[in-house]
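Take a look at the structure set out below.
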Amino acid sequence: MAHDHDHPHNKPLSDTELRVKALESILLEKELIDAEAIDLVVETYETKIGPRNGARVVAKAWTDADYKSRLLENATDAIAELGFSGVQGEDMLVVENTDDVHNIVVCTLCSCYPWPTLGLPPVWYKAAPYRAKVVKDPRGVLDEFGVALPEDTEIRVWDSNAELRYLVLPKRPDGTDDMSEEQLADIVTRDSMIGTGLVSAP
Amino acid sequence: MNGIHDLGGMDGIGPINPEQNEPVFHDDWEKRMFGMFISCFAGGHYNVDEFRHAIERMDPAHYLDTSYYEHWLSSLETLLTEKGVITQEELDERKKHIAMEDA
């Protein structure tokens, strides 16, 4: 095992990499963590738990009025109907975009995000600029994402916390009446469920 | 308690710069960091509030200057040493050893 290096040899490990490797090596030695369990958790969040889950929730709400009512009434249970539940999604609230209202989600204090439906948050969601600006200048933030809304649209910004996580139900775009639930799920983007994007017809 | 983490409404922090087609993790060490967080949490070494509080106790300048998973690293080191699960000396020595092997 002299060479389980995972980086090119001309580049020394950074201080952060060294600290992470030191920590992992000590925790492994003390048998407090299991390397394979870590691999599995990483793979799960890379391949299974991500915004495709949330897109299925949205597509079902667009095509099944009863489901949409349940989703807006009790999001946690309605989302669990599709098999999505657990860590960082224990209590969910779905907020609906309409012709008059546009919703945006943030966690100003840290990085709260609905993992079971959207996976792990993108870097910008967790970084200072978005957290600082979106509560004060949401239209400026939307502009940075290339989204322009009519002047009379009310914008509601929801600040997530450890107890409650939000998912935006975006507006179904015009011209998608003939699309199936599966086809609709394919056009729902991560950003549209955070509120920094809109869904467009293909 | 307020602090540097309480960023809502602060001006002049800079552009958001969203990355297109962003990967779930940007580097191998981020994956290990994420896995260690989940494993140690499952092992009952801290709860999520303690974990976040340890991030909020970071030096404010360092907080703004480091990435998300570096915050996690800092928090995990802080909590595990405070709780006596590991010592700072162990961490320092192991880091030195790994750096020597890497050279």
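Residues are referred to by chain and number: the chain letter is A, B, ... according to the order shown in the structure tokens, the number counts from 1 in that chain, and ligands are numbered separately from 1 in the order shown.
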Enumerate as a ChimeraX atom specification the residues belonging to chain A that approach chain B to within 7 Å, with only C-alpha atoms taken into account. /A:12,17-20,22-23,33,38,41-42,46,108-110,120,124,126,128-133,135-136
Can you tell me, as a PyMOL selection string, which residues in segment 28-101 of chain B count as alpha helix (DSSP H) by DSSP? chain B and resi 28-42+48-56+60-65+68-82+88-101
Leaving out Val199 of chain A and any residue of its chain fewer than 4 positions from it, which residues lie within 7 Å of it when counting only C-alpha atoms, given as number ranges by chain? A: 170, 172-173, 187-189, 192
- Quick one: pull the distance between atom CA of Leu118 of chain A and atom CA of Ala185 of chain A, Å, one decimal.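 Between atom CA of Leu118 of chain A and atom CA of Ala185 of chain A the gap works out to 13.1 Å.
Interatomic distance, atom CA of Asp174 of chain A against atom CA of Thr76 of chain A: 28.1 Å.
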Atom CA of Ser200 of chain A sits from atom CA of Asp77 of chain A at a separation of 28.0 Å
